[in-house]
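Asker: Input: one structure, supplied below.
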Amino acid sequence: MAISLRAPGRSNQAPQKKRAPRRQGIAGWIFVSPTLIILGLFLLIPVLMALWVSFSDWSGNGSPFSAGVHFIGTKNYQQLLSGGGLAETNLGTSLRNNAWYVLLVVPIQTAVSLFLAVLVNRAVLRGRGFFRTAFYFPSVTSSVAITVLWLFLFSTTGAVNKALSYFGLHGPNWFNDPNGLVHIVFGWFGVHTGPAALTQHTALGVSWWDWLAGPSVAMTAFIIMAVFTTSGTFMLLFIAALQNLGGDVQEAAMMDGANGWQRFWRITLPQLRPTLFTVLTLGLIGTWQIFDQIYTGTKGAPENTTLTPSYLSYTSAFGNQEWGQGAAIAFILFIIIVVLTILQRAVLRERRVSKRRMRQYDPSLQSTSSKELSR
Amino acid sequence: MQRRKSSRLLAIGALAAATALGLTACGSGFSSSSGSTSAASTKDLTHKDTALSVLIGSSGPAETKAVTDAVSSWSKSSGTKASVTAASSLDQQLAQGFASGKPADVFYVASSAVAGYAKAGDLLAYGKMLPKKSDFYPTLVKSFTVNGTFYCAPKDVSTLGLVINTDMWKQAGLTDADVPTTWAQLKTVAAKLTTSGHVGLAMSPQYERLGAFMAEAGGTITNAKGTKATIDSAANAKGLSYVQDMLKAGSAKFSTDQGTGWGGESFGKGLAAMTVEGNWLTGALQTDYPNIKYKVAEMPAGPAGKGTLQFTNCWGIAKDSPNQAAALKLVEKLTSASQQLSFSKQFGVLPSIQSAASTWKSQNAALVPFLDSVAFADGVPNQDGSADVVTAFDTQLPSLKTGDPKALLATFQKNFAAVLAK
């Protein structure tokens with residue numbers, strides 16, 4: 001994989017290549033123009049219009065470019081990020097909720113999908129087709145249908161609480177419980193209010209103690225749902241990647257005496273790095289944009305603990321006629337996603353294997369001291 | 001290489017700019033009509049002979065059918081074509097219409113949304129052109145008055161009342177004479193009605209329910225002029241504390257704690273002997289829980305006397321409508337006494353005009369307390385941005401049992417003051 005990424009000689013070849021005749025270039029442009037025009041008309045221009053709206057006082061009447069609409073600088077952004085009012089608190093709350101959601105969903109769904117992929121990829125498994133279909137099934141079902149199903153399953157007297165009661169557990173009032181998981185755990189140890197250092201200071205209108213509340217019980221139900229529905233999709237990506245891996249490296253590792261566990265962590269997983277990057281990136285973007293589950297499910301309740309930036313953007317614009325703020329929230333979300341994706345790219349980039357790790361495998365690098373010790 | 005790239009970027013940029021300009025041009029094209037000043041009399045209304053479109057946020061098939069029938073019968077008699085659309089998301093569909101410059105001509109507007117639309121210049125302020133404007137209940141007119149301008153005609157009205165399950169009432173050994181008229185009596189009967197199977201009183205944890213208790217304690221949201229927020233008053237705190245006491249005593253519960261969607265569901269499922277709900281409850285009970293026997297009483301009086309909340313929608317007319325004159329005629333028809341009484345029969349709303357009251361009362365004897373309550377009801381806040389503040393307060397209410405009423409009201413006060421200062 002590393003070899004193909006580096007693509008040796010590609011840069012050397014480029015200057016030798018003859019430049020394509022001009023007419024061919026024009027033909028190329030003509031062929032891509034339908035896509036460009038459609039993308040521009042329905043994607044690029046609306047995005048630019050939204051950007052303008054986020055800096056304007058447009059009230060939703062007529063075109064945002066009409067004479068009565070004024071440029072008001074960063075006022076919308078200021079109200080959201082440092083206004084001290086409800087807009088700031090709502091944005092802070094929604095970012096808090098969504099951050100916890102991403103923090104839990106992305107790693108869990110990646111791990112679960114990889115685990116499922118490895119399971120159903122095994123040649124010895126009987127009825128592989130059945131299991132693959134079964135695991136993939138939630139992904140092809142409409143998210144609205146699943147949300148409604150979830151509301152039934154996780155209602156106070158629903159199937160989940162019934163199942164829990166067989167184990168003597170008293171299930172929570174899932175979609176109506178605003179308590180954060182971290183706060184609940186603190187509560188077990190008798191800590192019900194945070195230290196003044198955390199409760200007195202706020203960021204984006206939400207106290208640090210509340211930032212650390214963890215996802216509410218209601219949000220946890222959504223987290224379970226996200227893992228349930230999207231793991232199947234990503235499982236498919238992992239299966240495709242696993243089937244592309246050559247058996248020779250595995251066999252070589254077996255010959256070297258690596259056991260199954262070592263082969264997975266040292267041979268299979270590193271080779272899956274490009275797929276892992278795809279899955280994590282898609283997961284990150286998808287989870288930050290969660291909207292339809294909230295819209296059909298809870299609409300932000302209980303106590304705004306399932307409010308997300310996308311849903312807040314929608315309600316600010318369509319519900320409160322605050323179009324500028326709604327657009328500004330969308331761009332703040334956009335910046336968060338871009339920054340996190342770049343960060344993740346940097347973390348997952350191909351690195352040279354460190355000397356310390358190399359030492360375990362390369363005899364020439366083994367330090368003299370360890371040799372002496374082994375003698 | 002670098003140079004070619006930059007010139008290409010320039011070309012793309014120029015293309016994008018040109019397209020944006022093109023859009024600007026057509027944008028300003030179809031919003032030109034919105035520049036006209038608000039009409040002062042019926043003569044200034046637009047009167048192009050175009051068909052009217054009516055957009056409603058319907059509560060169900062019954063309401064859609066009733067409005068469709070009413071509009072089509074008006075259409076036949078007036079000769080103006082008109083069609084009714086039941087919106088799946090009213091806010092969204094209205095917004096699309098306003099932004100495109102081709103909104104529905106006549107539509108429902110909630111009292112909490114009227115100020116926002118008015119500020120944006122979406123609504124025709126036709127209130128004073130209505131020949132029978134003095135027939136509407138004054139509290140309803142106030143709900144649709146923004147900065148002294150009466151914008152639109154109240155479509156109907158709903159109030160909160162105390163709804164009682166009569167079977168449970170009898171089981172607890174209570175009689176008609178025990179129907180509570182004061183807070184103390186309500187507390188007593190709620191405790192008597194609480195058994196292991198159900199609580200005495202259940203309601204949704206919302207300002208739109210608990211606000212009635214705040215009003216009964218003499219609390220208000222703003223001063224009379226509507227210039228200053230008065231939420232953190234002792235009276236409002238007293239109203240919340242009263243409910244909190246009942247929650248703590250176990251004789252009252254929030255619907256969220258019973259795992260139901262709203263007070264009406266708790267009541268219908270037999271989890272509560274009483275609930276605080278509006279007249280829409282009767283329709284829900286009829287369709288979902290037909291076996292429940294109930295009766296309706298006025299909300300019991302608090303320390304400051306009687307009080308309850310009132311909810312209403314109005315018939316908005318779009319300022320961009322090319323046929324405002326016909327739209328106004330349609331609204332006059334839809335708010336007439338005979339039409340409102342017919343709507344009431346079909347989907348259970350209360351008429352918004354005083355002249356229809358006596359006929360309505362004779363037709364709906366069991367529901368009279370709802371209409372009688374209009375006399376002392378307060379409207380929910382209608383300032384621009386207030387809906388958001390009320391929602392924020394609602395998110396705090398489910399924890400009222402363990403929370404501090406004064407702290408809840410302080411946040412409410414802070415946010416509402418910010419709305420008024422805007």
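Quick note on naming: the chains in the structure tokens go A, B, ... in the order shown, residues restart at 1 in each chain, and ligands are numbered from 1 in order of appearance.
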What parts of region 127-309 of chain B does DSSP call strand (DSSP E or B)? I'd like the answer as a PyMOL selection string.

Answerer: chain B and resi 136+145-146+149-150+153-154+157-165+182+199-203+222+229+252-254+272-278+294-297+301-302+305+308-309

Asker: Residues within 8 Å of region 334-350 of chain A, please, as a PyMOL selection string. Count only C-alpha atoms; anything in the same chain fewer than 2 positions from it doesn't count.

Answerer: chain A and resi 2+273+277+281+284-285+288+330-332+352

Asker: Using only C-alpha atoms, which protein or nucleic acid residues come within 8 Å of Gly305 (chain B)? Drop anything in the same chain fewer than 5 positions from it, and give the result as a list of chain:residue names.

Answerer: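 Counting only the stated atoms, we get B:Glu216, B:Ala217, B:Gly218.
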
Asker: So how far away is CA of Thr149 (chain B) from CA of Val67 (chain B), in Å?

Answerer: 27.0 Å

Asker: Please report, as JSON lines, each residue of chain A lying at most 7 Å from chain B, together with the nearest pair of atoms and the separation in Å rounded to one decimal; use only C-alpha atoms, and order rows by chain and ascending residue number.

Answerer:
```
{"residue": "A:Ile45", "atom": "CA", "partner": "B:Ala20", "partner_atom": "CA", "distance": 6.8}
{"residue": "A:Ser59", "atom": "CA", "partner": "B:Ala120", "partner_atom": "CA", "distance": 5.1}
{"residue": "A:Gly60", "atom": "CA", "partner": "B:Ala99", "partner_atom": "CA", "distance": 5.3}
{"residue": "A:Asn61", "atom": "CA", "partner": "B:Ala99", "partner_atom": "CA", "distance": 4.7}
{"residue": "A:Gly62", "atom": "CA", "partner": "B:Ala99", "partner_atom": "CA", "distance": 4.3}
{"residue": "A:Ser63", "atom": "CA", "partner": "B:Gly27", "partner_atom": "CA", "distance": 4.8}
{"residue": "A:Phe65", "atom": "CA", "partner": "B:Thr24", "partner_atom": "CA", "distance": 5.5}
{"residue": "A:Ser66", "atom": "CA", "partner": "B:Ser28", "partner_atom": "CA", "distance": 5.0}
{"residue": "A:Gly85", "atom": "CA", "partner": "B:Asn415", "partner_atom": "CA", "distance": 6.5}
{"residue": "A:Leu86", "atom": "CA", "partner": "B:Asn415", "partner_atom": "CA", "distance": 6.1}
{"residue": "A:Ser155", "atom": "CA", "partner": "B:Gly259", "partner_atom": "CA", "distance": 6.8}
{"residue": "A:Thr156", "atom": "CA", "partner": "B:Gly259", "partner_atom": "CA", "distance": 5.2}
{"residue": "A:Asn173", "atom": "CA", "partner": "B:Gly259", "partner_atom": "CA", "distance": 6.8}
{"residue": "A:Asn176", "atom": "CA", "partner": "B:Thr256", "partner_atom": "CA", "distance": 6.1}
{"residue": "A:Ala301", "atom": "CA", "partner": "B:Thr395", "partner_atom": "CA", "distance": 6.9}
{"residue": "A:Pro302", "atom": "CA", "partner": "B:Thr395", "partner_atom": "CA", "distance": 6.3}
{"residue": "A:Glu303", "atom": "CA", "partner": "B:Thr395", "partner_atom": "CA", "distance": 3.8}
{"residue": "A:Asn304", "atom": "CA", "partner": "B:Thr395", "partner_atom": "CA", "distance": 6.1}
{"residue": "A:Phe318", "atom": "CA", "partner": "B:Gln92", "partner_atom": "CA", "distance": 5.7}
{"residue": "A:Gly319", "atom": "CA", "partner": "B:Asp91", "partner_atom": "CA", "distance": 6.3}
{"residue": "A:Asn320", "atom": "CA", "partner": "B:Gly385", "partner_atom": "CA", "distance": 6.2}
{"residue": "A:Gln321", "atom": "CA", "partner": "B:Gly116", "partner_atom": "CA", "distance": 6.2}
```
